[in-house]
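Peer 1: Sharing run01.txt here; it has compact mmCIF, N, CA and C atoms.
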```
# COMPACT_ATOMS: atom_id res chain seq x y z
N MET A 1 -7.64 16.49 37.20
CA MET A 1 -8.78 16.16 36.35
C MET A 1 -8.41 16.43 34.89
N LEU A 2 -8.68 15.47 34.04
CA LEU A 2 -8.36 15.56 32.62
C LEU A 2 -9.26 16.60 31.94
N GLN A 3 -8.64 17.48 31.17
CA GLN A 3 -9.38 18.54 30.48
C GLN A 3 -9.35 18.32 28.97
N VAL A 4 -10.25 19.02 28.28
CA VAL A 4 -10.36 18.94 26.82
C VAL A 4 -9.03 19.29 26.16
N LYS A 5 -8.33 20.28 26.69
CA LYS A 5 -7.04 20.66 26.08
C LYS A 5 -6.05 19.50 26.08
N HIS A 6 -6.14 18.61 27.08
CA HIS A 6 -5.26 17.45 27.13
C HIS A 6 -5.62 16.45 26.02
N LEU A 7 -6.92 16.28 25.79
CA LEU A 7 -7.36 15.40 24.70
C LEU A 7 -6.88 15.92 23.35
N LEU A 8 -7.04 17.24 23.15
CA LEU A 8 -6.64 17.84 21.87
C LEU A 8 -5.13 17.78 21.66
N ALA A 9 -4.37 17.90 22.75
CA ALA A 9 -2.92 17.81 22.64
C ALA A 9 -2.51 16.43 22.14
N GLU A 10 -3.28 15.42 22.53
CA GLU A 10 -2.99 14.05 22.12
C GLU A 10 -3.53 13.71 20.74
N LYS A 11 -4.79 14.09 20.48
CA LYS A 11 -5.43 13.68 19.22
C LYS A 11 -5.23 14.68 18.09
N GLY A 12 -4.92 15.90 18.42
CA GLY A 12 -4.73 16.93 17.40
C GLY A 12 -5.91 17.87 17.32
N HIS A 13 -5.70 18.94 16.60
CA HIS A 13 -6.71 20.00 16.49
C HIS A 13 -7.43 20.00 15.14
N ASP A 14 -7.21 18.95 14.35
CA ASP A 14 -7.85 18.89 13.04
C ASP A 14 -9.37 18.89 13.17
N VAL A 15 -10.00 19.69 12.34
CA VAL A 15 -11.46 19.76 12.31
C VAL A 15 -11.88 19.70 10.84
N HIS A 16 -12.80 18.82 10.55
CA HIS A 16 -13.30 18.70 9.18
C HIS A 16 -14.60 19.48 9.07
N THR A 17 -14.68 20.29 8.02
CA THR A 17 -15.80 21.21 7.89
C THR A 17 -16.42 21.13 6.50
N ILE A 18 -17.57 21.76 6.40
CA ILE A 18 -18.26 21.91 5.12
C ILE A 18 -19.04 23.21 5.18
N GLY A 19 -19.30 23.80 4.03
CA GLY A 19 -20.08 25.02 3.97
C GLY A 19 -21.58 24.74 4.03
N PRO A 20 -22.35 25.68 4.49
CA PRO A 20 -23.79 25.47 4.64
C PRO A 20 -24.54 25.28 3.33
N ASP A 21 -24.00 25.78 2.23
CA ASP A 21 -24.68 25.68 0.94
C ASP A 21 -24.25 24.46 0.12
N ALA A 22 -23.30 23.71 0.64
CA ALA A 22 -22.83 22.51 -0.07
C ALA A 22 -23.93 21.45 -0.09
N PRO A 23 -23.97 20.62 -1.13
CA PRO A 23 -24.96 19.54 -1.15
C PRO A 23 -24.66 18.49 -0.07
N VAL A 24 -25.71 17.91 0.47
CA VAL A 24 -25.59 16.88 1.49
C VAL A 24 -24.71 15.73 1.00
N LEU A 25 -24.78 15.42 -0.28
CA LEU A 25 -23.97 14.35 -0.84
C LEU A 25 -22.48 14.60 -0.58
N ASP A 26 -22.03 15.84 -0.71
CA ASP A 26 -20.63 16.17 -0.43
C ASP A 26 -20.28 15.92 1.03
N ALA A 27 -21.21 16.24 1.92
CA ALA A 27 -20.98 16.02 3.35
C ALA A 27 -20.87 14.53 3.65
N ILE A 28 -21.79 13.75 3.13
CA ILE A 28 -21.78 12.31 3.38
C ILE A 28 -20.52 11.68 2.79
N ARG A 29 -20.16 12.11 1.60
CA ARG A 29 -18.94 11.59 0.96
C ARG A 29 -17.70 11.92 1.81
N SER A 30 -17.63 13.15 2.30
CA SER A 30 -16.50 13.57 3.12
C SER A 30 -16.43 12.77 4.42
N MET A 31 -17.56 12.54 5.06
CA MET A 31 -17.58 11.75 6.29
C MET A 31 -17.14 10.31 6.02
N ALA A 32 -17.62 9.74 4.92
CA ALA A 32 -17.27 8.36 4.58
C ALA A 32 -15.77 8.23 4.30
N GLU A 33 -15.22 9.17 3.54
CA GLU A 33 -13.79 9.13 3.20
C GLU A 33 -12.90 9.25 4.43
N ARG A 34 -13.38 10.01 5.42
CA ARG A 34 -12.57 10.26 6.62
C ARG A 34 -12.92 9.32 7.78
N HIS A 35 -13.93 8.50 7.58
CA HIS A 35 -14.39 7.58 8.63
C HIS A 35 -14.79 8.34 9.90
N ILE A 36 -15.57 9.40 9.70
CA ILE A 36 -16.05 10.21 10.82
C ILE A 36 -17.56 10.32 10.75
N GLY A 37 -18.18 10.71 11.85
CA GLY A 37 -19.64 10.74 11.93
C GLY A 37 -20.26 12.11 11.85
N ALA A 38 -19.45 13.17 11.76
CA ALA A 38 -20.01 14.52 11.71
C ALA A 38 -19.00 15.49 11.12
N LEU A 39 -19.55 16.58 10.58
CA LEU A 39 -18.74 17.69 10.06
C LEU A 39 -19.26 18.98 10.69
N LEU A 40 -18.35 19.87 11.00
CA LEU A 40 -18.78 21.19 11.44
C LEU A 40 -19.17 21.99 10.20
N VAL A 41 -20.25 22.73 10.31
CA VAL A 41 -20.71 23.56 9.21
C VAL A 41 -20.22 24.98 9.50
N MET A 42 -19.37 25.46 8.60
CA MET A 42 -18.71 26.75 8.82
C MET A 42 -19.01 27.71 7.67
N ARG A 43 -19.23 28.95 8.04
CA ARG A 43 -19.32 30.03 7.07
C ARG A 43 -18.10 30.90 7.36
N GLY A 44 -17.04 30.70 6.59
CA GLY A 44 -15.77 31.35 6.91
C GLY A 44 -15.24 30.78 8.22
N ASP A 45 -15.00 31.64 9.20
CA ASP A 45 -14.53 31.20 10.51
C ASP A 45 -15.66 31.02 11.50
N GLU A 46 -16.89 31.24 11.06
CA GLU A 46 -18.05 31.18 11.95
C GLU A 46 -18.69 29.78 11.95
N LEU A 47 -18.84 29.22 13.13
CA LEU A 47 -19.53 27.95 13.30
C LEU A 47 -21.03 28.20 13.22
N VAL A 48 -21.68 27.62 12.20
CA VAL A 48 -23.11 27.86 12.02
C VAL A 48 -23.95 26.60 12.24
N GLY A 49 -23.28 25.44 12.41
CA GLY A 49 -24.03 24.22 12.65
C GLY A 49 -23.12 23.01 12.65
N ILE A 50 -23.76 21.87 12.80
CA ILE A 50 -23.06 20.59 12.71
C ILE A 50 -23.98 19.64 11.95
N VAL A 51 -23.41 18.84 11.09
CA VAL A 51 -24.19 17.87 10.33
C VAL A 51 -23.61 16.49 10.60
N SER A 52 -24.49 15.54 10.89
CA SER A 52 -24.04 14.20 11.26
C SER A 52 -24.74 13.14 10.42
N GLU A 53 -24.24 11.93 10.54
CA GLU A 53 -24.89 10.81 9.87
C GLU A 53 -26.33 10.67 10.36
N ARG A 54 -26.55 10.96 11.62
CA ARG A 54 -27.90 10.91 12.18
C ARG A 54 -28.82 11.92 11.49
N ASP A 55 -28.31 13.14 11.25
CA ASP A 55 -29.10 14.14 10.53
C ASP A 55 -29.46 13.63 9.14
N TYR A 56 -28.49 13.00 8.48
CA TYR A 56 -28.72 12.48 7.14
C TYR A 56 -29.82 11.42 7.15
N ALA A 57 -29.71 10.49 8.08
CA ALA A 57 -30.70 9.40 8.15
C ALA A 57 -32.10 9.93 8.43
N ARG A 58 -32.20 10.86 9.34
CA ARG A 58 -33.52 11.35 9.77
C ARG A 58 -34.12 12.42 8.86
N LYS A 59 -33.27 13.22 8.24
CA LYS A 59 -33.79 14.39 7.51
C LYS A 59 -33.65 14.29 6.00
N VAL A 60 -32.99 13.25 5.53
CA VAL A 60 -32.88 13.03 4.08
C VAL A 60 -33.52 11.70 3.73
N ILE A 61 -32.94 10.63 4.22
CA ILE A 61 -33.41 9.28 3.88
C ILE A 61 -34.88 9.09 4.26
N LEU A 62 -35.21 9.33 5.52
CA LEU A 62 -36.58 9.08 5.99
C LEU A 62 -37.61 10.02 5.37
N LEU A 63 -37.18 11.18 4.91
CA LEU A 63 -38.11 12.13 4.30
C LEU A 63 -38.13 12.05 2.78
N GLY A 64 -37.38 11.11 2.21
CA GLY A 64 -37.38 10.92 0.76
C GLY A 64 -36.72 12.03 -0.02
N ARG A 65 -35.81 12.76 0.61
CA ARG A 65 -35.12 13.85 -0.08
C ARG A 65 -33.95 13.27 -0.87
N HIS A 66 -33.34 14.11 -1.69
CA HIS A 66 -32.20 13.69 -2.49
C HIS A 66 -30.92 14.36 -1.98
N SER A 67 -29.89 13.57 -1.84
CA SER A 67 -28.62 14.05 -1.29
C SER A 67 -27.92 15.07 -2.17
N ASP A 68 -28.13 14.96 -3.47
CA ASP A 68 -27.40 15.84 -4.38
C ASP A 68 -28.04 17.20 -4.57
N ASP A 69 -29.33 17.37 -4.21
CA ASP A 69 -29.94 18.69 -4.37
C ASP A 69 -30.49 19.26 -3.06
N THR A 70 -30.10 18.69 -1.94
CA THR A 70 -30.47 19.23 -0.63
C THR A 70 -29.22 19.86 -0.03
N PRO A 71 -29.27 21.16 0.31
CA PRO A 71 -28.09 21.78 0.92
C PRO A 71 -27.94 21.38 2.39
N VAL A 72 -26.72 21.38 2.84
CA VAL A 72 -26.40 21.01 4.22
C VAL A 72 -27.20 21.84 5.22
N ASN A 73 -27.40 23.13 4.94
CA ASN A 73 -28.08 23.99 5.91
C ASN A 73 -29.53 23.58 6.16
N GLU A 74 -30.11 22.75 5.30
CA GLU A 74 -31.48 22.30 5.50
C GLU A 74 -31.58 21.09 6.43
N ILE A 75 -30.46 20.43 6.67
CA ILE A 75 -30.51 19.26 7.56
C ILE A 75 -29.62 19.38 8.79
N MET A 76 -28.73 20.38 8.81
CA MET A 76 -27.79 20.52 9.92
C MET A 76 -28.52 20.88 11.21
N SER A 77 -27.84 20.66 12.32
CA SER A 77 -28.32 21.12 13.61
C SER A 77 -27.68 22.48 13.85
N PRO A 78 -28.50 23.55 13.88
CA PRO A 78 -27.93 24.90 13.95
C PRO A 78 -27.48 25.33 15.35
N ASN A 79 -28.10 24.81 16.37
CA ASN A 79 -27.76 25.21 17.74
C ASN A 79 -26.72 24.25 18.30
N VAL A 80 -25.47 24.56 18.03
CA VAL A 80 -24.38 23.66 18.36
C VAL A 80 -23.95 23.85 19.81
N LEU A 81 -23.91 22.75 20.52
CA LEU A 81 -23.41 22.73 21.89
C LEU A 81 -21.89 22.68 21.81
N THR A 82 -21.20 23.62 22.46
CA THR A 82 -19.75 23.68 22.40
C THR A 82 -19.16 23.59 23.81
N VAL A 83 -17.87 23.29 23.85
CA VAL A 83 -17.12 23.27 25.09
C VAL A 83 -15.84 24.07 24.89
N GLY A 84 -15.17 24.38 25.98
CA GLY A 84 -13.89 25.08 25.92
C GLY A 84 -12.74 24.17 26.29
N PRO A 85 -11.52 24.57 26.01
CA PRO A 85 -10.35 23.75 26.31
C PRO A 85 -10.20 23.44 27.80
N GLU A 86 -10.71 24.29 28.66
CA GLU A 86 -10.57 24.11 30.10
C GLU A 86 -11.64 23.19 30.69
N ASP A 87 -12.67 22.86 29.92
CA ASP A 87 -13.72 21.98 30.41
C ASP A 87 -13.14 20.59 30.67
N THR A 88 -13.72 19.91 31.65
CA THR A 88 -13.23 18.57 31.99
C THR A 88 -13.90 17.51 31.13
N VAL A 89 -13.25 16.38 31.05
CA VAL A 89 -13.81 15.23 30.34
C VAL A 89 -15.13 14.84 30.98
N GLU A 90 -15.19 14.90 32.30
CA GLU A 90 -16.42 14.56 33.02
C GLU A 90 -17.58 15.48 32.60
N THR A 91 -17.31 16.77 32.50
CA THR A 91 -18.33 17.72 32.06
C THR A 91 -18.81 17.38 30.65
N CYS A 92 -17.87 17.06 29.78
CA CYS A 92 -18.21 16.72 28.39
C CYS A 92 -19.06 15.44 28.33
N MET A 93 -18.68 14.45 29.12
CA MET A 93 -19.45 13.20 29.15
C MET A 93 -20.89 13.47 29.60
N ARG A 94 -21.02 14.31 30.60
CA ARG A 94 -22.36 14.65 31.10
C ARG A 94 -23.17 15.37 30.02
N LEU A 95 -22.55 16.29 29.31
CA LEU A 95 -23.23 17.01 28.23
C LEU A 95 -23.68 16.05 27.13
N CYS A 96 -22.79 15.17 26.72
CA CYS A 96 -23.13 14.21 25.67
C CYS A 96 -24.29 13.32 26.10
N THR A 97 -24.27 12.88 27.34
CA THR A 97 -25.32 12.01 27.85
C THR A 97 -26.65 12.76 28.00
N ASP A 98 -26.60 13.91 28.65
CA ASP A 98 -27.82 14.67 28.92
C ASP A 98 -28.47 15.23 27.65
N ARG A 99 -27.65 15.69 26.71
CA ARG A 99 -28.16 16.32 25.49
C ARG A 99 -28.23 15.38 24.31
N ARG A 100 -27.77 14.14 24.50
CA ARG A 100 -27.80 13.11 23.45
C ARG A 100 -27.07 13.56 22.18
N VAL A 101 -25.86 14.05 22.38
CA VAL A 101 -25.00 14.43 21.26
C VAL A 101 -23.75 13.57 21.29
N ARG A 102 -23.11 13.45 20.14
CA ARG A 102 -21.92 12.61 20.04
C ARG A 102 -20.66 13.40 19.72
N HIS A 103 -20.83 14.68 19.38
CA HIS A 103 -19.69 15.50 18.99
C HIS A 103 -19.79 16.87 19.63
N LEU A 104 -18.66 17.35 20.17
CA LEU A 104 -18.61 18.65 20.82
C LEU A 104 -17.48 19.49 20.22
N PRO A 105 -17.84 20.52 19.47
CA PRO A 105 -16.79 21.43 18.99
C PRO A 105 -16.16 22.15 20.19
N VAL A 106 -14.86 22.36 20.10
CA VAL A 106 -14.12 23.05 21.14
C VAL A 106 -13.87 24.48 20.64
N VAL A 107 -14.37 25.44 21.41
CA VAL A 107 -14.29 26.84 21.00
C VAL A 107 -13.53 27.63 22.05
N GLU A 108 -12.60 28.45 21.57
CA GLU A 108 -11.83 29.33 22.45
C GLU A 108 -11.79 30.71 21.81
N SER A 109 -12.20 31.72 22.55
CA SER A 109 -12.26 33.09 22.03
C SER A 109 -13.04 33.16 20.73
N ARG A 110 -14.17 32.47 20.70
CA ARG A 110 -15.10 32.43 19.57
C ARG A 110 -14.52 31.77 18.31
N LYS A 111 -13.40 31.04 18.48
CA LYS A 111 -12.78 30.36 17.35
C LYS A 111 -12.78 28.85 17.63
N VAL A 112 -13.14 28.06 16.61
CA VAL A 112 -13.12 26.61 16.74
C VAL A 112 -11.67 26.15 16.75
N VAL A 113 -11.30 25.43 17.82
CA VAL A 113 -9.91 24.97 17.96
C VAL A 113 -9.80 23.45 17.97
N GLY A 114 -10.93 22.76 17.85
CA GLY A 114 -10.90 21.31 17.84
C GLY A 114 -12.29 20.72 17.94
N LEU A 115 -12.34 19.41 18.02
CA LEU A 115 -13.60 18.68 18.12
C LEU A 115 -13.34 17.42 18.93
N VAL A 116 -14.20 17.14 19.90
CA VAL A 116 -14.09 15.89 20.64
C VAL A 116 -15.38 15.10 20.43
N SER A 117 -15.21 13.80 20.31
CA SER A 117 -16.36 12.92 20.13
C SER A 117 -16.57 12.10 21.39
N ILE A 118 -17.71 11.47 21.47
CA ILE A 118 -17.99 10.61 22.61
C ILE A 118 -16.94 9.49 22.68
N GLY A 119 -16.48 9.04 21.53
CA GLY A 119 -15.43 8.02 21.50
C GLY A 119 -14.13 8.51 22.12
N ASP A 120 -13.76 9.76 21.82
CA ASP A 120 -12.56 10.36 22.41
C ASP A 120 -12.69 10.41 23.94
N LEU A 121 -13.87 10.79 24.40
CA LEU A 121 -14.12 10.93 25.83
C LEU A 121 -14.06 9.57 26.54
N VAL A 122 -14.69 8.57 25.96
CA VAL A 122 -14.69 7.24 26.55
C VAL A 122 -13.25 6.70 26.61
N LYS A 123 -12.51 6.88 25.53
CA LYS A 123 -11.12 6.43 25.48
C LYS A 123 -10.30 7.09 26.59
N ALA A 124 -10.51 8.39 26.81
CA ALA A 124 -9.78 9.13 27.84
C ALA A 124 -10.14 8.63 29.24
N VAL A 125 -11.41 8.38 29.47
CA VAL A 125 -11.85 7.88 30.78
C VAL A 125 -11.25 6.50 31.05
N ILE A 126 -11.27 5.62 30.06
CA ILE A 126 -10.71 4.28 30.23
C ILE A 126 -9.21 4.37 30.51
N SER A 127 -8.51 5.21 29.79
CA SER A 127 -7.07 5.37 29.98
C SER A 127 -6.77 5.90 31.38
N GLU A 128 -7.52 6.89 31.81
CA GLU A 128 -7.31 7.48 33.14
C GLU A 128 -7.59 6.45 34.23
N GLN A 129 -8.65 5.67 34.06
CA GLN A 129 -8.98 4.64 35.06
C GLN A 129 -7.91 3.55 35.09
N SER A 130 -7.40 3.16 33.94
CA SER A 130 -6.33 2.15 33.89
C SER A 130 -5.09 2.64 34.62
N THR A 131 -4.75 3.89 34.43
CA THR A 131 -3.59 4.47 35.12
C THR A 131 -3.80 4.46 36.63
N GLN A 132 -4.98 4.84 37.06
CA GLN A 132 -5.28 4.85 38.50
C GLN A 132 -5.23 3.44 39.08
N ILE A 133 -5.73 2.47 38.36
CA ILE A 133 -5.70 1.09 38.83
C ILE A 133 -4.26 0.61 38.97
N GLU A 134 -3.42 0.91 37.97
CA GLU A 134 -2.02 0.51 38.03
C GLU A 134 -1.32 1.14 39.23
N GLN A 135 -1.59 2.40 39.49
CA GLN A 135 -0.98 3.10 40.63
C GLN A 135 -1.43 2.47 41.94
N LEU A 136 -2.71 2.15 42.04
CA LEU A 136 -3.22 1.53 43.26
C LEU A 136 -2.63 0.13 43.46
N GLU A 137 -2.49 -0.62 42.38
CA GLU A 137 -1.89 -1.95 42.48
C GLU A 137 -0.44 -1.87 42.94
N ARG A 138 0.31 -0.90 42.42
CA ARG A 138 1.70 -0.72 42.84
C ARG A 138 1.77 -0.31 44.31
N TYR A 139 0.86 0.54 44.73
CA TYR A 139 0.82 1.00 46.12
C TYR A 139 0.53 -0.17 47.05
N ILE A 140 -0.46 -0.99 46.68
CA ILE A 140 -0.85 -2.13 47.51
C ILE A 140 0.27 -3.16 47.58
N ALA A 141 0.93 -3.40 46.43
CA ALA A 141 2.02 -4.38 46.37
C ALA A 141 3.24 -3.90 47.16
N GLY A 142 3.30 -2.60 47.41
CA GLY A 142 4.38 -2.03 48.22
C GLY A 142 5.61 -1.83 47.45
```
Translate the structure described by the file into structure tokens.
Peer 2:
Amino acid sequence: MLQVKHLLAEKGHDVHTIGPDAPVLDAIRSMAERHIGALLVMRGDELVGIVSERDYARKVILLGRHSDDTPVNEIMSPNVLTVGPEDTVETCMRLCTDRRVRHLPVVESRKVVGLVSIGDLVKAVISEQSTQIEQLERYIAG
């Protein structure tokens, strides 16, 4: 069974972060420059939240707030759902579906060691299924 640590070994352990007191504009700019949908909100080494494009749309745009004078901590999601390196891709997919989240920080010994997105998970499932299909086709062909 494919585990989160296998995904991170392939995609890398890079995590993009922002501080809780930074303006939302900085977060949105950082996400746009990196072509990503979320940033982990960190206070030093401590994970204190996650801020996403969805948070921006719902908590800034729709409420008529301003991106340059609203701090990230006012729109972030503070109760971050995390996974560990040993968790399976299947477990992560279930969490994303059941909790309606798109990003899962990977935490080991209380330290953030990576981030997996729903896109990473779907890509891994498709790759694993393709491999299984190829193996079955070779087996059937003899």
Peer 1: In Å, with one decimal, what is the gap from atom CA of A:Glu46 to atom CA of A:Glu90?
Peer 2: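 Result for atom CA of A:Glu46 versus atom CA of A:Glu90: 26.9 Å, one decimal.
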Peer 1: Show me, as a PyMOL selection string, the residues that have an atom within 8 Å of A:Thr70 when counting only N, CA and C atoms, minus same-chain residues fewer than 4 positions from it.
Peer 2: chain A and resi 20-25+65-66+74-75
Peer 1: Which residues are close to A:Pro85, i.e. within 6.5 Å by all atoms listed in the file, leaving aside same-chain residues fewer than 3 positions away? Reply as a list of chain:residue names.
Peer 2: A:Gln3, A:Val4, A:Lys5, A:His6, A:Thr88, A:Val106, A:Val107, A:Glu108
Peer 1: So the first atom is atom CA of A:Arg110 and the second is atom CA of A:Asn79; what is the distance between them in Å, to one decimal place?
Peer 2: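 So the two atoms, atom CA of A:Arg110 and atom CA of A:Asn79, lie 14.7 Å apart.
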Peer 1: Step one, run DSSP on the backbone; step two, keep only residues of chain A assigned to helix (DSSP H, G or I); then write them as an MDAnalysis selection string.
Peer 2: chainID A and resid 4:11 24:34 53:61 72:74 89:99 118:141
Peer 1: List every residue of stretch 42-117 of chain A that DSSP, applied to the backbone, labels as strand (DSSP E or B), and write the result as a VMD selection string.
Peer 2: chain A and resid 42 to 43 46 to 52 71 77 83 88 103 to 108 111 to 117
Peer 1: From the coordinates supplied, stretch 37-49 of chain A should be written with N, CA and C atoms, as a PDB file, in the first residue's frame.
Peer 2:
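Result saved to out_16.pdb:
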```pdb
ATOM      1  N   GLY A  37      -2.347  26.381  -4.090  1.00  0.00           N
ATOM      2  CA  GLY A  37      -3.640  26.790  -3.564  1.00  0.00           C
ATOM      3  C   GLY A  37      -3.695  27.030  -2.077  1.00  0.00           C
ATOM      4  N   ALA A  38      -2.579  26.814  -1.369  1.00  0.00           N
ATOM      5  CA  ALA A  38      -2.597  27.002   0.081  1.00  0.00           C
ATOM      6  C   ALA A  38      -1.184  27.194   0.610  1.00  0.00           C
ATOM      7  N   LEU A  39      -1.119  27.850   1.763  1.00  0.00           N
ATOM      8  CA  LEU A  39       0.143  28.040   2.487  1.00  0.00           C
ATOM      9  C   LEU A  39      -0.067  27.579   3.923  1.00  0.00           C
ATOM     10  N   LEU A  40       0.948  26.963   4.487  1.00  0.00           N
ATOM     11  CA  LEU A  40       0.886  26.648   5.906  1.00  0.00           C
ATOM     12  C   LEU A  40       1.212  27.919   6.676  1.00  0.00           C
ATOM     13  N   VAL A  41       0.478  28.149   7.740  1.00  0.00           N
ATOM     14  CA  VAL A  41       0.713  29.317   8.583  1.00  0.00           C
ATOM     15  C   VAL A  41       1.545  28.841   9.771  1.00  0.00           C
ATOM     16  N   MET A  42       2.747  29.391   9.863  1.00  0.00           N
ATOM     17  CA  MET A  42       3.701  28.930  10.872  1.00  0.00           C
ATOM     18  C   MET A  42       4.132  30.080  11.767  1.00  0.00           C
ATOM     19  N   ARG A  43       4.251  29.772  13.034  1.00  0.00           N
ATOM     20  CA  ARG A  43       4.864  30.681  13.997  1.00  0.00           C
ATOM     21  C   ARG A  43       6.139  29.977  14.429  1.00  0.00           C
ATOM     22  N   GLY A  44       7.253  30.363  13.819  1.00  0.00           N
ATOM     23  CA  GLY A  44       8.496  29.615  14.031  1.00  0.00           C
ATOM     24  C   GLY A  44       8.344  28.232  13.426  1.00  0.00           C
ATOM     25  N   ASP A  45       8.549  27.199  14.241  1.00  0.00           N
ATOM     26  CA  ASP A  45       8.392  25.820  13.782  1.00  0.00           C
ATOM     27  C   ASP A  45       7.008  25.261  14.085  1.00  0.00           C
ATOM     28  N   GLU A  46       6.139  26.082  14.661  1.00  0.00           N
ATOM     29  CA  GLU A  46       4.813  25.618  15.068  1.00  0.00           C
ATOM     30  C   GLU A  46       3.770  25.877  13.977  1.00  0.00           C
ATOM     31  N   LEU A  47       3.061  24.827  13.606  1.00  0.00           N
ATOM     32  CA  LEU A  47       1.962  24.931  12.653  1.00  0.00           C
ATOM     33  C   LEU A  47       0.750  25.497  13.385  1.00  0.00           C
ATOM     34  N   VAL A  48       0.306  26.695  12.971  1.00  0.00           N
ATOM     35  CA  VAL A  48      -0.822  27.331  13.662  1.00  0.00           C
ATOM     36  C   VAL A  48      -2.063  27.435  12.783  1.00  0.00           C
ATOM     37  N   GLY A  49      -1.925  27.086  11.487  1.00  0.00           N
ATOM     38  CA  GLY A  49      -3.086  27.147  10.614  1.00  0.00           C
ATOM     39  C   GLY A  49      -2.705  26.883   9.170  1.00  0.00           C
TER      40      GLY A  49
END
```
